[in-house]
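Structure data (compact mmCIF, C-alpha atoms) from my_file-v3.txt:
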```txt
# COMPACT_ATOMS: atom_id res chain seq x y z
CA MET A 15 -26.48 -13.82 -43.67
CA SER A 16 -27.81 -15.97 -40.92
CA VAL A 17 -30.25 -14.04 -38.82
CA ASN A 18 -30.96 -15.13 -35.30
CA GLN A 19 -34.27 -16.89 -34.69
CA LYS A 20 -33.65 -17.97 -31.12
CA SER A 21 -35.44 -16.67 -28.04
CA ASN A 22 -33.50 -14.59 -25.54
CA TRP A 23 -33.28 -17.46 -23.07
CA GLU A 24 -31.90 -19.77 -25.75
CA LEU A 25 -29.31 -17.12 -26.61
CA LEU A 26 -28.21 -16.88 -22.99
CA LYS A 27 -28.03 -20.65 -22.63
CA ASN A 28 -26.11 -20.98 -25.87
CA GLY A 29 -23.47 -18.50 -24.68
CA MET A 30 -23.17 -20.11 -21.28
CA PHE A 31 -23.10 -23.79 -22.26
CA GLY A 32 -23.63 -24.68 -25.92
CA GLU A 33 -20.86 -22.41 -27.20
CA ASN A 34 -18.95 -21.96 -23.97
CA THR A 35 -15.82 -19.95 -24.75
CA ILE A 36 -13.39 -22.19 -22.91
CA PHE A 37 -14.88 -25.66 -22.84
CA ARG A 38 -16.61 -25.78 -26.23
CA MET A 39 -14.93 -23.19 -28.43
CA ALA A 40 -11.49 -23.50 -26.79
CA ILE A 41 -10.62 -19.84 -27.37
CA SER A 42 -9.15 -17.21 -25.02
CA LEU A 43 -7.27 -19.99 -23.25
CA CYS A 44 -4.09 -17.98 -22.82
CA PRO A 45 -5.36 -15.22 -20.49
CA SER A 46 -7.61 -17.68 -18.70
CA ILE A 47 -4.76 -20.03 -17.87
CA ALA A 48 -2.63 -17.10 -16.70
CA VAL A 49 -5.15 -15.88 -14.13
CA THR A 50 -7.01 -18.98 -12.91
CA ASN A 51 -4.54 -19.94 -10.20
CA GLY A 52 -6.85 -18.30 -7.68
CA MET A 53 -10.62 -17.87 -7.55
CA LYS A 54 -10.31 -14.17 -6.77
CA ASN A 55 -8.38 -13.56 -10.01
CA GLY A 56 -10.65 -15.80 -12.05
CA VAL A 57 -13.80 -14.05 -10.87
CA ALA A 58 -12.29 -10.59 -11.44
CA LEU A 59 -11.33 -11.40 -15.03
CA GLY A 60 -14.71 -13.05 -15.65
CA VAL A 61 -16.65 -10.01 -14.43
CA ALA A 62 -14.52 -7.67 -16.54
CA VAL A 63 -15.11 -9.85 -19.61
CA VAL A 64 -18.90 -9.97 -19.07
CA PHE A 65 -18.98 -6.19 -19.07
CA VAL A 66 -16.69 -5.56 -22.05
CA GLN A 67 -18.22 -8.34 -24.14
CA THR A 68 -21.75 -7.03 -23.66
CA MET A 69 -20.71 -3.46 -24.53
CA VAL A 70 -18.70 -4.54 -27.59
CA ASN A 71 -21.51 -6.70 -28.96
CA PHE A 72 -23.95 -3.85 -28.39
CA THR A 73 -21.72 -1.35 -30.23
CA VAL A 74 -20.85 -3.64 -33.12
CA SER A 75 -24.51 -4.38 -33.66
CA LEU A 76 -25.38 -0.69 -33.41
CA ILE A 77 -23.02 0.32 -36.20
CA ARG A 78 -23.13 -2.94 -38.18
CA THR A 79 -24.73 -1.28 -41.20
CA PHE A 80 -21.89 1.29 -41.39
CA ILE A 81 -19.13 -1.31 -41.36
CA HIS A 82 -17.89 -2.35 -44.77
CA PRO A 83 -17.61 -6.18 -44.65
CA LYS A 84 -14.06 -6.16 -46.02
CA ILE A 85 -12.68 -4.08 -43.13
CA ARG A 86 -14.75 -5.45 -40.27
CA ILE A 87 -11.73 -6.95 -38.47
CA PRO A 88 -9.85 -3.65 -37.93
CA ILE A 89 -13.14 -2.02 -36.91
CA PHE A 90 -13.83 -4.71 -34.28
CA MET A 91 -10.26 -4.24 -33.07
CA LEU A 92 -10.88 -0.51 -32.70
CA ILE A 93 -14.11 -1.03 -30.78
CA ILE A 94 -12.60 -3.54 -28.35
CA ALA A 95 -9.39 -1.57 -27.80
CA GLY A 96 -11.39 1.65 -27.52
CA TYR A 97 -13.65 0.26 -24.81
CA VAL A 98 -10.76 -1.18 -22.87
CA THR A 99 -8.80 2.08 -23.07
CA ILE A 100 -11.75 4.24 -22.06
CA ILE A 101 -12.75 1.98 -19.16
CA ASP A 102 -9.13 1.89 -18.03
CA MET A 103 -8.87 5.69 -18.08
CA LEU A 104 -12.22 6.23 -16.35
CA MET A 105 -11.58 3.64 -13.64
CA SER A 106 -8.04 4.79 -12.92
CA THR A 107 -9.38 8.30 -12.41
CA TYR A 108 -12.73 7.96 -10.70
CA ALA A 109 -12.62 4.53 -9.06
CA ARG A 110 -9.06 4.00 -7.90
CA PRO A 111 -9.77 1.39 -5.18
CA VAL A 112 -11.66 -0.76 -7.71
CA TYR A 113 -8.99 -0.08 -10.31
CA LYS A 114 -6.30 -1.44 -8.00
CA GLU A 115 -8.28 -4.69 -7.77
CA ILE A 116 -9.31 -5.31 -11.38
CA GLY A 117 -7.37 -2.75 -13.46
CA LEU A 118 -4.87 -5.38 -14.55
CA TYR A 119 -7.64 -7.63 -15.85
CA ILE A 120 -9.26 -4.87 -17.89
CA GLN A 121 -5.95 -4.26 -19.67
CA ILE A 122 -5.44 -7.85 -20.80
CA ILE A 123 -8.90 -7.94 -22.42
CA VAL A 124 -7.53 -5.96 -25.40
CA ALA A 125 -6.42 -9.17 -27.11
CA PHE A 126 -9.37 -11.39 -26.30
CA ALA A 127 -10.30 -13.86 -29.01
CA SER A 128 -13.67 -14.67 -27.45
CA ILE A 129 -14.90 -11.08 -27.68
CA PHE A 130 -13.68 -10.91 -31.24
CA ALA A 131 -15.45 -14.15 -32.07
CA ARG A 132 -18.83 -13.06 -30.72
CA ALA A 133 -18.60 -9.75 -32.59
CA GLU A 134 -17.79 -11.57 -35.82
CA VAL A 135 -20.15 -14.54 -35.50
CA PHE A 136 -23.16 -12.87 -33.94
CA ALA A 137 -23.20 -9.12 -33.35
CA SER A 138 -22.24 -8.13 -36.89
CA LYS A 139 -25.32 -9.95 -38.25
CA ASN A 140 -28.00 -9.41 -35.62
CA LYS A 141 -30.11 -6.71 -33.98
CA ILE A 142 -28.94 -4.77 -30.94
CA ILE A 143 -30.88 -6.46 -28.11
CA PRO A 144 -30.15 -10.07 -29.13
CA SER A 145 -26.50 -9.09 -29.67
CA ALA A 146 -26.18 -7.61 -26.20
CA ILE A 147 -27.84 -10.72 -24.72
CA ASP A 148 -25.51 -12.97 -26.70
CA GLY A 149 -22.49 -11.02 -25.45
CA PHE A 150 -23.75 -11.17 -21.88
CA GLY A 151 -24.46 -14.91 -22.07
CA SER A 152 -21.10 -15.66 -23.60
CA GLY A 153 -19.41 -13.50 -20.95
CA VAL A 154 -21.25 -15.35 -18.17
CA GLY A 155 -20.19 -18.64 -19.77
CA PHE A 156 -16.61 -17.45 -19.61
CA LEU A 157 -17.07 -16.37 -15.98
CA LEU A 158 -18.48 -19.82 -15.07
CA ALA A 159 -15.54 -21.52 -16.75
CA MET A 160 -13.12 -19.26 -14.84
CA ILE A 161 -14.83 -20.16 -11.55
CA VAL A 162 -14.70 -23.92 -12.21
CA ILE A 163 -11.05 -23.93 -13.37
CA SER A 164 -9.78 -21.65 -10.62
CA PHE A 165 -11.75 -23.63 -8.00
CA PHE A 166 -9.75 -26.78 -8.75
CA ARG A 167 -6.44 -25.04 -9.33
CA GLU A 168 -6.53 -23.00 -6.14
CA LEU A 169 -7.83 -25.89 -4.03
CA LEU A 170 -5.23 -28.35 -5.29
CA GLY A 171 -2.36 -25.94 -5.85
CA LYS A 172 -2.55 -23.82 -2.71
CA GLY A 173 -5.02 -25.64 -0.46
CA GLU A 174 -7.06 -22.45 -0.36
CA LEU A 175 -10.37 -21.17 -1.71
CA TYR A 176 -10.87 -17.48 -2.44
CA GLY A 177 -7.76 -16.77 -0.37
CA TYR A 178 -8.96 -18.68 2.71
CA SER A 179 -6.83 -21.58 3.82
CA LEU A 180 -8.69 -24.90 3.80
CA ILE A 181 -6.25 -27.78 3.57
CA SER A 182 -2.97 -27.90 5.43
CA GLY A 183 0.02 -29.85 4.20
CA ASN A 184 1.91 -29.85 0.95
CA PRO A 185 -0.24 -28.67 -1.97
CA LEU A 186 0.34 -29.75 -5.57
CA LEU A 187 2.45 -26.79 -6.63
CA ILE A 188 2.16 -27.64 -10.32
CA MET A 189 -1.54 -26.76 -10.29
CA ILE A 190 -0.90 -23.04 -9.82
CA LEU A 191 1.82 -22.97 -12.49
CA PRO A 192 0.93 -22.64 -16.20
CA ALA A 193 1.40 -26.38 -16.75
CA GLY A 194 -1.30 -27.07 -14.17
CA GLY A 195 -3.54 -24.64 -16.01
CA PHE A 196 -3.33 -26.72 -19.18
CA LEU A 197 -3.94 -29.90 -17.19
CA ALA A 198 -7.00 -28.44 -15.45
CA VAL A 199 -8.49 -26.99 -18.63
CA GLY A 200 -7.87 -30.20 -20.60
CA LEU A 201 -9.34 -32.51 -17.97
CA LEU A 202 -12.37 -30.28 -17.38
CA MET A 203 -12.95 -29.93 -21.12
CA GLY A 204 -12.92 -33.70 -21.43
CA PHE A 205 -15.26 -34.02 -18.47
CA PHE A 206 -17.80 -31.59 -19.91
CA ASN A 207 -17.57 -33.32 -23.30
CA TRP A 208 -18.27 -36.62 -21.60
CA ILE A 209 -21.32 -35.19 -19.82
CA ASP A 210 -22.56 -33.72 -23.08
CA MET A 211 -22.17 -37.01 -24.97
CA ARG A 212 -23.38 -39.28 -22.19
CA PHE A 213 -26.47 -37.35 -21.08
CA PHE A 214 -27.38 -34.94 -23.86
CA GLY A 215 -26.44 -36.91 -26.94
CA GLY A 216 -23.97 -34.26 -28.11
CA LYS A 217 -21.03 -34.87 -30.38
CA GLY A 218 -18.39 -33.29 -28.15
CA ALA A 219 -16.37 -30.15 -28.83
CA SER A 220 -14.29 -31.70 -31.60
CA GLY A 221 -17.37 -32.78 -33.54
CA VAL A 222 -18.50 -29.25 -34.41
CA MET B 8 -11.58 -4.30 -56.66
CA ASN B 9 -12.40 -1.09 -58.50
CA THR B 10 -11.45 2.43 -57.52
CA GLY B 11 -14.91 3.29 -56.28
CA GLU B 12 -14.98 0.43 -53.82
CA MET B 13 -11.48 1.17 -52.63
CA ALA B 14 -12.42 4.77 -51.95
CA LYS B 15 -15.52 3.60 -50.09
CA ILE B 16 -13.53 1.25 -47.87
CA THR B 17 -10.91 3.89 -47.14
CA PHE B 18 -13.56 6.44 -46.30
CA ASN B 19 -15.35 3.97 -44.03
CA LEU B 20 -12.19 3.07 -42.17
CA VAL B 21 -10.99 6.65 -41.78
CA VAL B 22 -14.35 7.93 -40.51
CA LEU B 23 -14.75 5.21 -37.88
CA TYR B 24 -11.14 5.48 -36.67
CA VAL B 25 -11.33 9.26 -36.44
CA ILE B 26 -14.53 8.99 -34.38
CA GLY B 27 -12.94 6.38 -32.12
CA GLY B 28 -9.79 8.46 -31.77
CA LEU B 29 -11.75 11.60 -30.90
CA ILE B 30 -13.75 9.80 -28.20
CA MET B 31 -10.58 8.43 -26.63
CA ALA B 32 -8.81 11.79 -26.86
CA TYR B 33 -11.77 13.48 -25.17
CA VAL B 34 -11.84 10.99 -22.29
CA TYR B 35 -8.08 11.31 -21.90
CA ALA B 36 -8.25 15.10 -21.82
CA VAL B 37 -10.92 15.01 -19.13
CA THR B 38 -9.44 12.32 -16.93
CA SER B 39 -5.67 12.77 -17.10
CA PRO B 40 -5.32 15.96 -14.98
CA ILE B 41 -7.52 14.46 -12.23
CA LYS B 42 -5.62 11.18 -12.41
CA PHE B 43 -2.31 13.02 -12.16
CA GLN B 44 -3.43 14.83 -9.00
CA LYS B 45 -4.66 11.63 -7.40
CA GLU B 46 -1.46 9.76 -8.21
CA LYS B 47 0.59 12.58 -6.74
CA ALA B 48 -1.42 12.52 -3.51
CA GLU B 49 -1.04 8.73 -3.32
CA LYS B 50 2.71 9.01 -3.78
CA GLU B 51 2.99 11.59 -1.01
CA ALA B 52 1.00 9.39 1.35
CA ALA B 53 3.16 6.39 0.41
CA LEU B 54 6.37 8.38 1.06
CA LEU B 55 5.40 9.14 4.64
CA LEU B 56 4.63 5.46 5.24
CA MET B 57 8.08 4.47 4.01
CA MET B 58 9.74 5.99 7.06
CA PRO B 59 7.16 6.27 9.84
CA GLU B 60 9.63 7.58 12.42
CA ALA B 61 10.53 10.59 10.28
CA ASP B 62 8.86 13.92 10.89
CA LYS B 63 9.13 15.07 7.31
CA VAL B 64 10.28 13.94 3.87
CA ASP B 65 12.14 16.43 1.67
CA LYS B 66 12.97 16.04 -1.98
CA LEU B 67 16.71 15.97 -2.72
CA GLY B 68 16.82 15.60 -6.50
CA ASP B 69 15.83 13.82 -9.69
CA TRP B 70 17.20 10.82 -11.56
CA HIS B 71 16.12 8.91 -14.65
CA PRO B 72 15.95 5.11 -14.47
CA HIS B 73 14.78 3.62 -17.82
CA GLU B 74 14.41 7.14 -19.25
CA LYS B 75 11.62 7.84 -16.78
CA HIS B 76 11.48 10.68 -14.33
CA ALA B 77 11.96 9.67 -10.70
CA GLU B 78 12.90 11.47 -7.52
CA TYR B 79 14.83 10.77 -4.36
CA TYR B 80 14.21 12.09 -0.90
CA ALA B 81 15.68 12.51 2.56
CA ALA B 82 13.64 11.41 5.57
CA ARG B 83 14.32 13.81 8.41
CA LYS B 84 13.65 13.83 12.11
CA CYS B 85 13.47 17.11 13.92
CA GLY B 86 16.05 17.66 16.65
CA GLU B 87 13.49 19.69 18.46
CA LEU B 88 9.91 20.49 17.66
CA LYS B 89 9.31 24.06 18.66
CA ILE B 90 5.68 25.00 18.98
CA ASN B 91 5.05 28.64 18.30
CA MET B 92 1.80 30.32 19.07
CA VAL B 93 0.98 32.57 16.16
CA LYS B 94 -1.94 34.79 15.56
CA ASP B 95 -4.03 33.89 12.55
CA GLU B 96 -4.30 37.09 10.53
CA LYS B 97 -7.77 36.37 9.22
CA THR B 98 -9.61 35.17 12.29
CA GLY B 99 -7.43 36.73 14.96
CA GLU B 100 -7.28 33.46 16.89
CA MET B 101 -4.11 32.05 18.36
CA LYS B 102 -3.02 28.76 16.88
CA GLU B 103 -0.12 26.37 17.12
CA GLU B 104 2.53 26.29 14.44
CA ARG B 105 5.23 23.66 14.53
CA GLU B 106 8.74 24.59 13.63
CA CYS B 107 11.30 21.93 12.90
CA LEU B 108 14.63 22.79 14.49
CA ASN B 109 17.93 21.05 13.68
CA PRO B 110 16.44 18.47 11.33
CA GLU B 111 18.64 15.42 11.03
CA ASP B 112 18.69 12.91 8.17
CA ILE B 113 17.64 9.50 9.42
CA GLY B 114 17.41 7.84 6.03
CA TYR B 115 16.70 8.21 2.36
CA ILE B 116 13.98 7.15 -0.03
CA ALA B 117 14.46 6.40 -3.73
CA GLU B 118 11.70 6.23 -6.29
CA GLY B 119 12.57 3.83 -9.09
CA TYR B 120 11.40 1.65 -11.94
CA GLY B 121 12.14 -2.00 -12.69
CA LYS B 122 11.58 -3.47 -16.13
CA GLY B 123 9.22 -6.39 -15.57
CA TYR B 124 7.52 -9.01 -17.71
CA SER B 125 4.88 -6.74 -19.21
CA SER B 126 5.37 -3.33 -17.60
CA TYR B 127 7.65 -0.99 -15.72
CA ILE B 128 7.21 -1.61 -12.01
CA HIS B 129 7.07 1.61 -10.00
CA ILE B 130 8.84 1.15 -6.66
CA LEU B 131 9.74 3.14 -3.55
CA THR B 132 12.72 1.98 -1.48
CA SER B 133 13.70 3.44 1.89
CA VAL B 134 17.15 2.95 3.40
CA ASP B 135 18.79 4.04 6.63
CA LYS B 136 21.91 6.19 6.74
CA SER B 137 24.22 3.26 6.03
CA PHE B 138 22.09 2.27 3.00
CA ILE B 139 20.54 -0.83 4.56
CA ILE B 140 17.03 -1.31 3.17
CA LYS B 141 14.22 -0.62 5.61
CA LYS B 142 11.19 -1.05 3.42
CA ILE B 143 10.03 -1.25 -0.18
CA SER B 144 6.64 -0.47 -1.62
CA ILE B 145 5.14 -1.17 -5.05
CA LEU B 146 3.30 1.92 -6.29
CA GLY B 147 2.11 0.53 -9.60
CA HIS B 148 2.70 -2.14 -12.23
CA GLY B 149 1.04 -4.09 -15.05
CA GLU B 150 2.35 -7.60 -14.42
CA THR B 151 0.31 -10.76 -14.99
CA PRO B 152 -2.52 -11.09 -12.48
CA GLY B 153 -2.09 -14.18 -10.32
CA LEU B 154 1.62 -14.57 -11.04
CA GLY B 155 3.54 -11.32 -11.39
CA ASP B 156 1.23 -9.35 -9.14
CA GLU B 157 2.43 -11.39 -6.16
CA ILE B 158 5.24 -8.78 -5.95
CA GLU B 159 2.74 -6.67 -4.00
CA LYS B 160 2.31 -9.30 -1.31
CA ASP B 161 3.89 -8.92 2.12
CA TYR B 162 5.75 -12.24 2.02
CA PHE B 163 7.79 -10.97 -0.92
CA ILE B 164 8.20 -7.36 0.16
CA ASN B 165 9.17 -8.18 3.75
CA GLN B 166 12.24 -10.07 2.53
CA PHE B 167 13.98 -6.82 1.68
CA GLU B 168 14.26 -5.44 5.21
CA GLY B 169 17.78 -5.30 6.59
CA LYS B 170 19.54 -6.14 3.32
CA SER B 171 22.04 -4.06 1.34
CA SER B 172 22.34 -3.53 -2.39
CA ASP B 173 24.87 -6.40 -2.58
CA ASN B 174 22.19 -8.83 -1.37
CA MET B 175 19.82 -7.85 -4.15
CA VAL B 176 20.00 -11.16 -6.04
CA VAL B 177 17.01 -13.36 -6.80
CA ILE B 178 17.43 -17.04 -5.92
CA LYS B 179 14.99 -19.82 -6.78
CA GLY B 180 14.59 -21.69 -3.53
CA GLU B 181 15.47 -20.79 0.03
CA ALA B 182 17.75 -17.80 0.40
CA PRO B 183 17.84 -16.10 3.79
CA ASP B 184 20.50 -13.59 2.68
CA GLN B 185 19.16 -12.86 -0.80
CA ILE B 186 15.65 -12.57 -2.20
CA GLU B 187 13.54 -15.66 -2.89
CA ALA B 188 11.85 -15.68 -6.30
CA ILE B 189 8.08 -15.88 -6.52
CA THR B 190 7.02 -19.21 -8.00
CA GLY B 191 6.02 -18.64 -11.62
CA ALA B 192 7.09 -15.01 -11.61
CA THR B 193 10.89 -14.99 -11.74
CA ILE B 194 11.04 -12.12 -14.22
CA SER B 195 8.84 -9.88 -12.07
CA SER B 196 10.83 -10.81 -8.93
CA ARG B 197 14.07 -9.97 -10.73
CA ALA B 198 12.70 -6.68 -12.04
CA VAL B 199 11.88 -5.53 -8.52
CA THR B 200 15.04 -6.84 -6.88
CA GLU B 201 17.88 -6.63 -9.35
CA ASP B 202 16.62 -3.64 -11.29
CA GLY B 203 14.31 -1.30 -9.36
CA VAL B 204 15.52 -1.67 -5.78
CA LYS B 205 19.18 -2.41 -6.45
CA ASN B 206 19.67 0.47 -8.86
CA GLY B 207 17.70 2.79 -6.58
CA VAL B 208 19.91 2.01 -3.58
CA LYS B 209 23.08 2.22 -5.69
CA MET B 210 22.02 5.60 -6.99
CA LEU B 211 21.51 6.80 -3.41
CA GLU B 212 24.93 5.43 -2.42
CA GLU B 213 26.63 7.21 -5.31
CA LYS B 214 24.93 10.53 -4.82
CA LEU B 215 24.87 10.69 -1.04
CA SER B 216 27.74 8.70 0.44
CA GLY B 217 29.96 11.80 0.27
CA GLU B 218 27.53 13.76 2.41
CA VAL B 219 27.09 11.07 5.00
CA GLN B 220 30.71 10.65 6.01
```
Could you write out this structure as structure tokens?
Amino acid sequence: MSVNQKSNWELLKNGMFGENTIFRMAISLCPSIAVTNGMKNGVALGVAVVFVQTMVNFTVSLIRTFIHPKIRIPIFMLIIAGYVTIIDMLMSTYARPVYKEIGLYIQIIVAFASIFARAEVFASKNKIIPSAIDGFGSGVGFLLAMIVISFFRELLGKGELYGYSLISGNPLLIMILPAGGFLAVGLLMGFFNWIDMRFFGGKGASGV
Amino acid sequence: MNTGEMAKITFNLVVLYVIGGLIMAYVYAVTSPIKFQKEKAEKEAALLLMMPEADKVDKLGDWHPHEKHAEYYAARKCGELKINMVKDEKTGEMKEERECLNPEDIGYIAEGYGKGYSSYIHILTSVDKSFIIKKISILGHGETPGLGDEIEKDYFINQFEGKSSDNMVVIKGEAPDQIEAITGATISSRAVTEDGVKNGVKMLEEKLSGEVQ
């Protein structure tokens, strides 16, 4: 068992950049490509993920000694699905205006590989506070990735930012379609790899 | 794996799932009645908006699209609004009470469901007496954010005004007489147009055309 030795700040930074869900780990690409055709959507999904990921990591770490290692996967599944279901029920009852805005995003988190990965890699082996910080950092990393991807897709694909019209004329329609999502994610991933290798001496995402 | 370990694993799994299930059941039991009330109030508010010139909306009956319960309504305008002064029995004060005389049907509203990409889309459709669509409204859905959820936007919904059930066909590209598909969300556009709205209007035509003539 590898036990965490990093400081809280290092944990946060690791989640945001070093092991960024989208650009370094390349997981949870499917929901992120579906929603990043506008900044509003991207931010909403990102915020929902930050919250659920922190809570799931916290809970997994809390009960990690009760979980038999052989059945940890179905237990993680239960915790993630349970949180999503409960948040969905509570929001649809007590916060209907908010629910109308981000209810759809909460529901698609049920099948999120990134949350699963943090529970498996980190929270199941570490204490509660570092686990919650790791979940938060990783969630923020995801949120940042959503913002960057949706910034380019919305600007190029619709000529808008956060719903406000900026550029008139014919936008590049392909950027708001799924194909444009793959293009944007691929090019940005390459760009961040290049920065990492050029300025920080990293090996790039494929060298892990 | 020996029997002891198997029993341990089973016990572990059962205990945690039962706890999780109980928590979810508890939250559901607490929230669902409140949620039901709120959804009902929202639907009533939405019904009045469907036909703003009507004075009241009365339920006519039930139907079951996709095995779900839905209702249909008549929007009525009062021939004459008689204002009666009645004495409130508790306070003894005089107050106005409106009485609707000779109500006349000015249109109908159908509640319906369309089978979308990842959910059933809950729709209200209002038509005038000759079954020409006046307005549609999306009450709820679980389509993909950013693509399918464009069905809520005005540019899509406003296309329906003034069209009949025969025009309820989704076309990719310009279509002034039919409905233009949303880019990247053809299935959701079809679900609203060719399923929810079309079947709703057809149901109204079948059930009510006898009464109208």
Query raised in the report: Counting all atoms listed in the file, which residues of chain A come no farther than 10 Å from chain B, as a VMD selection string?
Result: chain A and resid 45 47 to 56 58 to 59 77 80 to 86 88 to 89 92 to 93 95 to 97 99 to 101 103 to 108 110 114 to 119 121 to 122 187 to 188 190 to 192
For the residues in that selection, give me C-alpha atoms as a compact mmCIF listing (two decimals), in the coordinates of the input.
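Written out: out.txt:
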```txt
# COMPACT_ATOMS: atom_id res chain seq x y z
CA PRO A 45 -5.36 -15.22 -20.49
CA ILE A 47 -4.76 -20.03 -17.87
CA ALA A 48 -2.63 -17.10 -16.70
CA VAL A 49 -5.15 -15.88 -14.13
CA THR A 50 -7.01 -18.98 -12.91
CA ASN A 51 -4.54 -19.94 -10.20
CA GLY A 52 -6.85 -18.30 -7.68
CA MET A 53 -10.62 -17.87 -7.55
CA LYS A 54 -10.31 -14.17 -6.77
CA ASN A 55 -8.38 -13.56 -10.01
CA GLY A 56 -10.65 -15.80 -12.05
CA ALA A 58 -12.29 -10.59 -11.44
CA LEU A 59 -11.33 -11.40 -15.03
CA ILE A 77 -23.02 0.32 -36.20
CA PHE A 80 -21.89 1.29 -41.39
CA ILE A 81 -19.13 -1.31 -41.36
CA HIS A 82 -17.89 -2.35 -44.77
CA PRO A 83 -17.61 -6.18 -44.65
CA LYS A 84 -14.06 -6.16 -46.02
CA ILE A 85 -12.68 -4.08 -43.13
CA ARG A 86 -14.75 -5.45 -40.27
CA PRO A 88 -9.85 -3.65 -37.93
CA ILE A 89 -13.14 -2.02 -36.91
CA LEU A 92 -10.88 -0.51 -32.70
CA ILE A 93 -14.11 -1.03 -30.78
CA ALA A 95 -9.39 -1.57 -27.80
CA GLY A 96 -11.39 1.65 -27.52
CA TYR A 97 -13.65 0.26 -24.81
CA THR A 99 -8.80 2.08 -23.07
CA ILE A 100 -11.75 4.24 -22.06
CA ILE A 101 -12.75 1.98 -19.16
CA MET A 103 -8.87 5.69 -18.08
CA LEU A 104 -12.22 6.23 -16.35
CA MET A 105 -11.58 3.64 -13.64
CA SER A 106 -8.04 4.79 -12.92
CA THR A 107 -9.38 8.30 -12.41
CA TYR A 108 -12.73 7.96 -10.70
CA ARG A 110 -9.06 4.00 -7.90
CA LYS A 114 -6.30 -1.44 -8.00
CA GLU A 115 -8.28 -4.69 -7.77
CA ILE A 116 -9.31 -5.31 -11.38
CA GLY A 117 -7.37 -2.75 -13.46
CA LEU A 118 -4.87 -5.38 -14.55
CA TYR A 119 -7.64 -7.63 -15.85
CA GLN A 121 -5.95 -4.26 -19.67
CA ILE A 122 -5.44 -7.85 -20.80
CA LEU A 187 2.45 -26.79 -6.63
CA ILE A 188 2.16 -27.64 -10.32
CA ILE A 190 -0.90 -23.04 -9.82
CA LEU A 191 1.82 -22.97 -12.49
CA PRO A 192 0.93 -22.64 -16.20
```
Report task. Using atom CA of B:Asp69 and atom CA of B:Ser216 as the two end points, give the distance in Å to one decimal. Result -> 16.5 Å
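Here atom CA of A:Ile142 stands at a distance of 27.6 Å from atom CA of A:Leu43.
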Report task. Figure out the distance between atom CA of A:Asn22 and atom CA of A:Ser75, please, to one decimal in Å. Result -> 15.8 Å
Requested in this report: Can you pull out every residue within 8 Å of A:Val154, counting all atoms listed in the file, but drop anything in the same chain fewer than 2 positions away, and send it as a VMD selection string?
Outcome: chain A and resid 29 to 30 60 to 61 64 150 to 152 156 to 158
Query raised in the report: Leaving out A:Leu26 and any residue of its chain fewer than 2 positions from it, which residues lie within 12 Å of it when counting all atoms listed in the file, given as a PyMOL selection string?
Result: chain A and resi 20-24+28-34+68+143-155
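If you count only C-alpha atoms and ignore residues fewer than 6 places along the chain from A:Phe166, what sits within 12 Å of it is A:Thr50, A:Asn51, A:Gly52, A:Met53, A:Gly56, A:Ala159, A:Met160, A:Lys172, A:Gly173, A:Glu174, A:Leu175, A:Tyr176, A:Pro185, A:Leu186, A:Met189, A:Ile190, A:Gly194, A:Gly195, A:Leu197, A:Ala198, A:Val199, A:Leu201, A:Leu202.
Using all atoms listed in the file for every distance, the candidate list B:Ile194, B:Ile139, B:Met175, B:Ala48 yields B:Ile194 as the residue closest to B:Ser125.
For stretch 172-174 of chain B, the set of protein, DNA and RNA residues having any atom at most 7 Å away, when counting only C-alpha atoms and skipping those fewer than 4 positions along the same chain, is Asp184, Gln185, Lys205, Val208 and Lys209 of chain B.
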Do a neighbour search on B:Glu106 at 12 Å with all atoms listed in the file, toss out local chain neighbours closer than 2 positions, and write the hits as a compact mmCIF listing (two decimals) with C-alpha atoms, keeping the file's coordinate frame.
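Heads up, here's the output in out-v2.txt:
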```
# COMPACT_ATOMS: atom_id res chain seq x y z
CA ASP B 62 8.86 13.92 10.89
CA LYS B 63 9.13 15.07 7.31
CA LYS B 84 13.65 13.83 12.11
CA CYS B 85 13.47 17.11 13.92
CA GLY B 86 16.05 17.66 16.65
CA GLU B 87 13.49 19.69 18.46
CA LEU B 88 9.91 20.49 17.66
CA LYS B 89 9.31 24.06 18.66
CA ILE B 90 5.68 25.00 18.98
CA ASN B 91 5.05 28.64 18.30
CA MET B 92 1.80 30.32 19.07
CA VAL B 93 0.98 32.57 16.16
CA GLU B 103 -0.12 26.37 17.12
CA GLU B 104 2.53 26.29 14.44
CA LEU B 108 14.63 22.79 14.49
CA ASN B 109 17.93 21.05 13.68
CA PRO B 110 16.44 18.47 11.33
```
Using the file's own x, y and z axes, so that the box edges lie along x, y and z, what centre and edge lengths in Å (one decimal) does a box around every listed atom of stretch 132-140 of chain A get when 4 Å is added on each side? Give it as lines of an AutoDock Vina configuration file.
```
center_x = -22.9
center_y = -11.3
center_z = -34.5
size_x = 18.2
size_y = 14.4
size_z = 15.5
```
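Using only C-alpha atoms, the smallest distance between any of B:Ile140, B:Ile113, B:Val176, B:Ala182 and B:Glu201 comes from B:Val176.
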